[in-house]
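Coordinates from model.json are shown below (JSON, C-alpha atoms).
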[["chain", "number", "residue", "atom", "x", "y", "z"],
["A", 1, "MET", "CA", 71.33, 177.15, -175.70],
["A", 2, "LEU", "CA", 73.20, 179.72, -177.79],
["A", 3, "GLU", "CA", 69.99, 180.63, -179.61],
["A", 4, "SER", "CA", 68.14, 181.27, -176.34],
["A", 5, "ILE", "CA", 70.95, 183.49, -175.05],
["A", 6, "SER", "CA", 71.06, 185.36, -178.36],
["A", 7, "SER", "CA", 67.30, 185.97, -178.29],
["A", 8, "ALA", "CA", 67.49, 187.21, -174.69],
["A", 9, "PHE", "CA", 70.03, 189.84, -175.77],
["A", 10, "ALA", "CA", 68.09, 190.71, -178.95],
["A", 11, "ASP", "CA", 66.94, 194.17, -177.84],
["A", 12, "ILE", "CA", 70.21, 195.12, -176.09],
["A", 13, "SER", "CA", 72.93, 196.66, -178.25],
["A", 14, "LEU", "CA", 76.57, 195.60, -178.18],
["A", 15, "ALA", "CA", 77.49, 198.99, -176.72],
["A", 16, "GLU", "CA", 75.00, 198.47, -173.87],
["A", 17, "LEU", "CA", 76.30, 194.96, -173.22],
["A", 18, "ALA", "CA", 79.85, 196.32, -173.13],
["A", 19, "LEU", "CA", 78.77, 199.02, -170.67],
["A", 20, "ILE", "CA", 77.12, 196.43, -168.40],
["A", 21, "ALA", "CA", 80.20, 194.19, -168.55],
["A", 22, "GLY", "CA", 82.59, 197.07, -167.88],
["A", 23, "MET", "CA", 80.63, 198.29, -164.87],
["A", 24, "ALA", "CA", 80.38, 194.71, -163.58],
["A", 25, "LEU", "CA", 84.17, 194.35, -163.55],
["A", 26, "VAL", "CA", 84.71, 197.75, -161.90],
["A", 27, "ALA", "CA", 81.98, 197.12, -159.30],
["A", 28, "SER", "CA", 83.39, 193.66, -158.55],
["A", 29, "VAL", "CA", 86.86, 195.06, -157.83],
["A", 30, "ILE", "CA", 85.42, 197.87, -155.69],
["A", 31, "GLY", "CA", 83.19, 195.41, -153.85],
["A", 32, "GLY", "CA", 86.12, 193.11, -153.18],
["A", 33, "VAL", "CA", 88.21, 195.94, -151.76],
["A", 34, "ALA", "CA", 85.63, 197.69, -149.60],
["A", 35, "GLY", "CA", 83.04, 194.94, -149.18],
["A", 36, "TYR", "CA", 80.27, 196.79, -150.96],
["A", 37, "GLY", "CA", 79.66, 198.61, -154.21],
["A", 38, "THR", "CA", 78.28, 196.03, -156.65],
["A", 39, "GLY", "CA", 74.64, 196.42, -155.63],
["A", 40, "ALA", "CA", 75.00, 200.18, -155.43],
["A", 41, "LEU", "CA", 76.76, 200.79, -158.75],
["A", 42, "MET", "CA", 75.16, 198.29, -161.14],
["A", 43, "PRO", "CA", 71.65, 199.87, -161.01],
["A", 44, "LEU", "CA", 73.11, 203.08, -162.41],
["A", 45, "VAL", "CA", 73.79, 201.17, -165.65],
["A", 46, "LEU", "CA", 71.03, 198.55, -165.56],
["A", 47, "VAL", "CA", 68.04, 200.84, -164.93],
["A", 48, "PRO", "CA", 68.49, 203.00, -168.08],
["A", 49, "ILE", "CA", 69.06, 199.88, -170.22],
["A", 50, "MET", "CA", 66.73, 197.28, -168.68],
["A", 51, "GLY", "CA", 64.17, 199.33, -166.77],
["A", 52, "ALA", "CA", 63.74, 199.25, -162.99],
["A", 53, "GLU", "CA", 61.66, 196.09, -162.51],
["A", 54, "PRO", "CA", 64.27, 193.41, -163.39],
["A", 55, "VAL", "CA", 67.20, 195.09, -161.60],
["A", 56, "VAL", "CA", 66.85, 193.39, -158.19],
["A", 57, "PRO", "CA", 66.26, 189.91, -159.73],
["A", 58, "ILE", "CA", 69.28, 190.39, -162.02],
["A", 59, "LEU", "CA", 71.56, 191.47, -159.19],
["A", 60, "SER", "CA", 70.26, 188.72, -156.91],
["A", 61, "LEU", "CA", 71.21, 186.07, -159.45],
["A", 62, "SER", "CA", 74.54, 187.63, -160.47],
["A", 63, "ALA", "CA", 75.44, 188.05, -156.79],
["A", 64, "LEU", "CA", 75.66, 184.28, -156.48],
["A", 65, "PHE", "CA", 78.66, 184.43, -158.85],
["A", 66, "THR", "CA", 80.33, 187.54, -157.43],
["A", 67, "ASN", "CA", 79.97, 186.48, -153.80],
["A", 68, "THR", "CA", 81.12, 182.93, -154.53],
["A", 69, "SER", "CA", 84.32, 184.31, -156.04],
["A", 70, "ARG", "CA", 84.74, 186.70, -153.12],
["A", 71, "THR", "CA", 84.23, 183.86, -150.65],
["A", 72, "ALA", "CA", 86.82, 181.76, -152.48],
["A", 73, "ALA", "CA", 89.33, 184.62, -152.46],
["A", 74, "PHE", "CA", 88.84, 185.47, -148.76],
["A", 75, "ARG", "CA", 87.73, 182.04, -147.45],
["A", 76, "HIS", "CA", 90.28, 181.95, -144.61],
["A", 77, "PHE", "CA", 88.75, 185.08, -143.06],
["A", 78, "VAL", "CA", 85.11, 183.93, -142.87],
["A", 79, "ASP", "CA", 83.44, 184.04, -139.43],
["A", 80, "PRO", "CA", 80.98, 181.09, -139.64],
["A", 81, "ARG", "CA", 79.21, 181.86, -136.35],
["A", 82, "ARG", "CA", 78.31, 185.45, -137.27],
["A", 83, "ALA", "CA", 77.31, 184.35, -140.78],
["A", 84, "LEU", "CA", 74.88, 181.75, -139.37],
["A", 85, "ILE", "CA", 73.39, 184.24, -136.90],
["A", 86, "VAL", "CA", 72.68, 186.78, -139.63],
["A", 87, "LEU", "CA", 71.28, 184.21, -142.08],
["A", 88, "ALA", "CA", 69.00, 182.54, -139.53],
["A", 89, "ALA", "CA", 67.52, 185.91, -138.56],
["A", 90, "SER", "CA", 67.33, 187.59, -141.95],
["A", 91, "VAL", "CA", 66.26, 184.90, -144.45],
["A", 92, "PRO", "CA", 62.54, 184.84, -143.45],
["A", 93, "THR", "CA", 62.13, 188.62, -143.64],
["A", 94, "CYS", "CA", 64.30, 188.75, -146.76],
["A", 95, "ALA", "CA", 61.79, 186.45, -148.49],
["A", 96, "LEU", "CA", 58.97, 188.81, -147.50],
["A", 97, "GLY", "CA", 60.88, 191.81, -148.83],
["A", 98, "ALA", "CA", 61.57, 190.07, -152.14],
["A", 99, "TRP", "CA", 57.89, 189.11, -152.48],
["A", 100, "GLY", "CA", 56.89, 192.72, -151.81],
["A", 101, "TYR", "CA", 59.26, 193.92, -154.54],
["A", 102, "THR", "CA", 57.48, 191.75, -157.12],
["A", 103, "MET", "CA", 54.29, 193.71, -156.39],
["A", 104, "LEU", "CA", 55.81, 197.05, -157.41],
["A", 105, "THR", "CA", 55.22, 198.86, -160.69],
["A", 106, "GLY", "CA", 58.16, 200.24, -162.68],
["A", 107, "LYS", "CA", 57.69, 203.66, -161.06],
["A", 108, "GLY", "CA", 57.51, 202.13, -157.59],
["A", 109, "ALA", "CA", 60.65, 200.09, -158.19],
["A", 110, "LEU", "CA", 62.53, 203.20, -159.29],
["A", 111, "ILE", "CA", 61.50, 205.08, -156.16],
["A", 112, "VAL", "CA", 62.37, 202.17, -153.84],
["A", 113, "ILE", "CA", 65.80, 201.61, -155.41],
["A", 114, "GLY", "CA", 66.61, 205.33, -155.58],
["A", 115, "THR", "CA", 65.52, 205.96, -151.98],
["A", 116, "MET", "CA", 67.58, 203.06, -150.67],
["A", 117, "LEU", "CA", 70.68, 204.21, -152.54],
["A", 118, "ILE", "CA", 70.36, 207.75, -151.16],
["A", 119, "ALA", "CA", 69.59, 206.57, -147.61],
["A", 120, "SER", "CA", 72.48, 204.09, -147.55],
["A", 121, "VAL", "CA", 75.09, 206.88, -147.49],
["A", 122, "PRO", "CA", 74.00, 208.71, -144.30],
["A", 123, "LEU", "CA", 72.98, 205.42, -142.63],
["A", 124, "ARG", "CA", 76.46, 203.96, -143.06],
["A", 125, "ARG", "CA", 78.12, 207.15, -141.80],
["A", 126, "LEU", "CA", 75.74, 207.46, -138.84],
["A", 127, "MET", "CA", 76.36, 203.89, -137.70],
["A", 128, "LYS", "CA", 80.11, 204.37, -138.01],
["A", 129, "ARG", "CA", 80.07, 207.69, -136.13],
["A", 130, "ARG", "CA", 77.93, 206.32, -133.29],
["A", 131, "GLY", "CA", 80.38, 203.47, -132.76],
["A", 132, "LEU", "CA", 77.53, 200.97, -132.68],
["A", 133, "ALA", "CA", 78.45, 197.74, -130.85],
["A", 134, "LEU", "CA", 76.34, 194.57, -131.17],
["A", 135, "SER", "CA", 76.23, 191.36, -129.17],
["A", 136, "ASN", "CA", 75.26, 188.17, -130.99],
["A", 137, "ARG", "CA", 71.66, 188.61, -129.80],
["A", 138, "SER", "CA", 71.59, 192.24, -130.96],
["A", 139, "LEU", "CA", 73.14, 191.22, -134.27],
["A", 140, "ALA", "CA", 70.31, 188.72, -134.79],
["A", 141, "ALA", "CA", 67.66, 191.35, -133.98],
["A", 142, "ALA", "CA", 69.25, 193.89, -136.31],
["A", 143, "SER", "CA", 69.54, 191.26, -139.06],
["A", 144, "PHE", "CA", 65.84, 190.46, -138.74],
["A", 145, "GLY", "CA", 65.07, 194.12, -139.45],
["A", 146, "TRP", "CA", 67.64, 194.27, -142.24],
["A", 147, "GLY", "CA", 66.11, 191.27, -144.05],
["A", 148, "PRO", "CA", 63.26, 193.14, -145.82],
["A", 149, "LEU", "CA", 65.70, 195.75, -147.13],
["A", 150, "ALA", "CA", 68.00, 193.03, -148.43],
["A", 151, "GLY", "CA", 65.09, 191.25, -150.10],
["A", 152, "GLY", "CA", 63.38, 194.20, -151.75],
["A", 153, "THR", "CA", 66.11, 196.72, -152.57],
["A", 154, "VAL", "CA", 69.70, 197.05, -153.77],
["A", 155, "GLY", "CA", 72.50, 198.68, -151.81],
["A", 156, "ALA", "CA", 71.42, 197.20, -148.45],
["A", 157, "GLY", "CA", 74.79, 195.43, -148.25],
["A", 158, "ILE", "CA", 76.27, 198.68, -146.96],
["A", 159, "ILE", "CA", 74.12, 198.32, -143.84],
["A", 160, "LEU", "CA", 75.16, 194.68, -143.40],
["A", 161, "LEU", "CA", 78.82, 195.69, -143.41],
["A", 162, "SER", "CA", 78.15, 198.22, -140.65],
["A", 163, "LEU", "CA", 76.34, 195.53, -138.60],
["A", 164, "LEU", "CA", 79.23, 193.08, -138.97],
["A", 165, "MET", "CA", 81.76, 195.71, -137.94],
["A", 166, "ALA", "CA", 79.59, 196.62, -134.96],
["A", 167, "ALA", "CA", 79.61, 192.91, -134.02],
["A", 168, "GLY", "CA", 83.42, 193.02, -133.80],
["A", 169, "LEU", "CA", 84.63, 191.93, -137.24],
["A", 170, "GLU", "CA", 87.42, 193.86, -138.96],
["A", 171, "GLY", "CA", 89.14, 194.12, -142.33],
["A", 172, "ALA", "CA", 89.05, 191.08, -144.58],
["A", 173, "ALA", "CA", 86.82, 189.22, -142.11],
["A", 174, "VAL", "CA", 84.04, 191.71, -142.84],
["A", 175, "VAL", "CA", 84.36, 191.26, -146.61],
["A", 176, "ALA", "CA", 84.54, 187.47, -146.36],
["A", 177, "THR", "CA", 81.64, 187.02, -143.93],
["A", 178, "ASP", "CA", 79.49, 189.48, -145.87],
["A", 179, "ALA", "CA", 80.11, 187.41, -149.03],
["A", 180, "VAL", "CA", 78.96, 184.17, -147.37],
["A", 181, "ILE", "CA", 75.82, 185.83, -146.00],
["A", 182, "SER", "CA", 75.11, 187.40, -149.39],
["A", 183, "ILE", "CA", 75.13, 183.97, -151.06],
["A", 184, "GLY", "CA", 72.38, 182.79, -148.70],
["A", 185, "ILE", "CA", 70.39, 185.99, -149.19],
["A", 186, "GLY", "CA", 70.85, 185.75, -152.96],
["A", 187, "LEU", "CA", 69.55, 182.19, -153.05],
["A", 188, "THR", "CA", 66.50, 183.21, -151.04],
["A", 189, "LYS", "CA", 65.71, 186.08, -153.40],
["A", 190, "VAL", "CA", 66.23, 184.00, -156.54],
["A", 191, "VAL", "CA", 63.79, 181.35, -155.25],
["A", 192, "VAL", "CA", 61.15, 183.99, -154.42],
["A", 193, "PHE", "CA", 61.59, 185.83, -157.72],
["A", 194, "GLY", "CA", 61.49, 182.52, -159.61],
["A", 195, "LEU", "CA", 58.21, 181.49, -157.94],
["A", 196, "ALA", "CA", 56.77, 184.93, -158.71],
["A", 197, "GLY", "CA", 57.72, 184.64, -162.40],
["A", 198, "ALA", "CA", 60.17, 187.55, -162.23],
["A", 199, "VAL", "CA", 63.15, 185.54, -163.56],
["A", 200, "SER", "CA", 62.93, 185.71, -167.35],
["A", 201, "ALA", "CA", 65.43, 184.51, -169.96],
["A", 202, "LYS", "CA", 66.73, 188.08, -170.25],
["A", 203, "VAL", "CA", 67.22, 188.34, -166.49],
["A", 204, "ILE", "CA", 69.20, 185.09, -166.48],
["A", 205, "ALA", "CA", 71.29, 186.08, -169.51],
["A", 206, "VAL", "CA", 72.26, 189.51, -168.12],
["A", 207, "ALA", "CA", 72.94, 188.04, -164.67],
["A", 208, "LEU", "CA", 75.24, 185.43, -166.21],
["A", 209, "LEU", "CA", 77.08, 188.16, -168.15],
["A", 210, "ILE", "CA", 77.61, 190.18, -164.97],
["A", 211, "GLY", "CA", 78.59, 187.15, -162.94],
["A", 212, "CYS", "CA", 81.10, 185.79, -165.45],
["A", 213, "VAL", "CA", 82.76, 189.16, -166.04],
["A", 214, "ALA", "CA", 82.86, 190.00, -162.33],
["A", 215, "PHE", "CA", 84.21, 186.62, -161.16],
["A", 216, "PRO", "CA", 87.93, 187.49, -161.53],
["A", 217, "GLY", "CA", 87.35, 190.89, -159.95],
["A", 218, "ALA", "CA", 87.44, 189.46, -156.42],
["A", 219, "PHE", "CA", 90.92, 188.03, -156.94],
["A", 220, "LEU", "CA", 92.15, 191.33, -158.40],
["A", 221, "ALA", "CA", 90.61, 193.08, -155.39],
["A", 222, "LYS", "CA", 92.50, 190.78, -153.03],
["A", 223, "ALA", "CA", 95.76, 191.87, -154.66],
["A", 224, "LEU", "CA", 94.79, 195.55, -154.32],
["A", 225, "VAL", "CA", 93.26, 195.47, -150.85],
["A", 226, "GLU", "CA", 96.47, 196.52, -149.05],
["A", 227, "HIS", "CA", 97.42, 199.26, -151.51],
["A", 228, "LEU", "CA", 94.26, 201.15, -152.52],
["A", 229, "PRO", "CA", 93.24, 204.09, -150.28],
["A", 230, "VAL", "CA", 89.80, 202.89, -149.20],
["A", 231, "HIS", "CA", 88.78, 206.29, -147.79],
["A", 232, "LEU", "CA", 89.07, 207.83, -151.27],
["A", 233, "HIS", "CA", 87.05, 205.01, -152.80],
["A", 234, "THR", "CA", 84.39, 205.43, -150.11],
["A", 235, "ALA", "CA", 83.98, 209.16, -150.73],
["A", 236, "LEU", "CA", 83.71, 208.72, -154.51],
["A", 237, "LEU", "CA", 81.30, 205.81, -154.19],
["A", 238, "ASP", "CA", 79.06, 207.72, -151.77],
["A", 239, "ALA", "CA", 78.81, 210.57, -154.27],
["A", 240, "VAL", "CA", 78.00, 208.27, -157.19],
["A", 241, "VAL", "CA", 75.47, 206.24, -155.21],
["A", 242, "ALA", "CA", 73.60, 209.25, -153.82],
["A", 243, "GLY", "CA", 73.63, 211.03, -157.20],
["A", 244, "GLY", "CA", 72.35, 207.95, -158.98],
["A", 245, "GLY", "CA", 69.55, 207.54, -156.44],
["A", 246, "ILE", "CA", 68.44, 211.14, -156.97],
["A", 247, "VAL", "CA", 68.38, 210.65, -160.75],
["A", 248, "MET", "CA", 66.23, 207.51, -160.40],
["A", 249, "ILE", "CA", 63.68, 209.23, -158.16],
["A", 250, "VAL", "CA", 63.50, 212.27, -160.47],
["A", 251, "ASN", "CA", 62.92, 209.97, -163.45],
["A", 252, "ALA", "CA", 60.20, 208.09, -161.57],
["A", 253, "LEU", "CA", 58.36, 211.27, -160.58],
["A", 254, "ALA", "CA", 58.61, 212.56, -164.14],
["A", 255, "ARG", "CA", 56.74, 209.53, -165.54]]
For the file at hand, write its structure as structure tokens.
Amino acid sequence: MLESISSAFADISLAELALIAGMALVASVIGGVAGYGTGALMPLVLVPIMGAEPVVPILSLSALFTNTSRTAAFRHFVDPRRALIVLAASVPTCALGAWGYTMLTGKGALIVIGTMLIASVPLRRLMKRRGLALSNRSLAAASFGWGPLAGGTVGAGIILLSLLMAAGLEGAAVVATDAVISIGIGLTKVVVFGLAGAVSAKVIAVALLIGCVAFPGAFLAKALVEHLPVHLHTALLDAVVAGGGIVMIVNALAR
């Protein structure tokens, strides 16, 4: 077991592993406070080190750890009904989106990830400004359309948060319900990527590193959630996410 993990990390330096672990902890805390951030921030570190192709499989697997810890920390705030509505509507299209991602080349993956990161910033702000309100039926329809984005990109969790808030959830209930939904989405993506042969030993090893380091981040986030100015975090995260997306697209076009 130790030998297989060691071989999976063979072409990644200790400095790169430390960078991945450090970003995983920071992203976990940010994600626990604001409900999103992990899927948006981790690609900025993973793409230069791992390449674009394994990023979504890695984050799909590691999300099972991060969202399990977040669910445990905020379990009393989960809205089971809304979680079931979103999962029932989004899982089928999520599987299709994940399958489509496995068909992409490295350049295509870079463009898809970069475009989604850039688009997530104005989409979130537009939905918030419009004061979008969703009934359970509308939530299901919107979730069906969100599924392919969740399956084939990173950063789509920002849209899910906006949908949950539009459905009437607030505060910790949004974070908790998002975490439960993300576990179901993560399992769907891991199964699809596994069947497509996109889950290698290196993908598993890096995902385990991220998941183990990020696990305590949710509990730290719970302690900070009432004291950290979320509006400041949101502004900084938007800038980092959009900037990182631009860099990825520029790198893809330069290939």
Requested in this report: Return the single residue from A:Leu169, A:Leu160, A:Ile58, A:Leu104 that is closest to A:Arg81, with distances computed using only C-alpha atoms.
Outcome: A:Leu169
Report task. With a distance cut-off of 8 Å and all atoms listed in the file, select the neighbouring residues of A:Ala198, excluding the residue or stretch itself and same-chain residues fewer than 5 positions from it, and output the selection as a ChimeraX atom specification. Result -> /A:54,57,102,193
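Here atom CA of A:Phe65 is placed at a distance of 6.4 Å from atom CA of A:Phe215.
Among the candidate residues A:Ala15, A:Cys94, A:Val112, A:Ala207, the one lying nearest to A:Ile249 is A:Val112, with distances computed using all atoms listed in the file.
Neighbouring residues of A:Pro43 at 9 Å or closer, counting only C-alpha atoms and skipping chain neighbours under 2 positions away, are Thr38, Gly39, Ala40, Leu41, Val45, Leu46, Val47, Pro48, Ala52, Val55, Val56, Leu59, Ile113, Val154 and Gly244 of chain A.
By chain and then residue number, the residues within 12 Å of A:Ala196 are Pro57, Ala95, Ala98, Trp99, Gly100, Tyr101, Thr102, Met103, Lys189, Val190, Val191, Val192, Phe193, Gly194, Ala198, Val199 and Ser200 of chain A, counting only C-alpha atoms and disregarding those fewer than 2 positions away in sequence.
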Report task. Name the residues in contact with stretch 137-139 of chain A at a cut-off of 9 Å, using only C-alpha atoms, excluding same-chain residues fewer than 4 positions from it; report them as a list in words. Result -> Arg82, Ile85, Val86, Ala89, Ala133, Ser143, Phe144, Leu163, Leu164, Ala166 and Ala167 of chain A
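Atom pair atom CA of A:Ala140 / atom CA of A:Ala83 has a distance of 10.2 Å (rounded to one decimal).
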Query raised in the report: Quick one, how far is atom CA of A:Ala221 from atom CA of A:Ala88?
Result: 28.8 Å
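Distance annotation: of A:Gly108, A:Ile158, A:Gly147, A:Leu253, the residue with the minimal separation from A:Arg125 is A:Ile158; atom set is all atoms listed in the file.
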Report task. Identify which of the residues A:Gly171, A:Val206, A:Gly145, A:Ser162 lies closest to A:Arg129, counting all atoms listed in the file when measuring atom-to-atom distances. Result -> A:Ser162
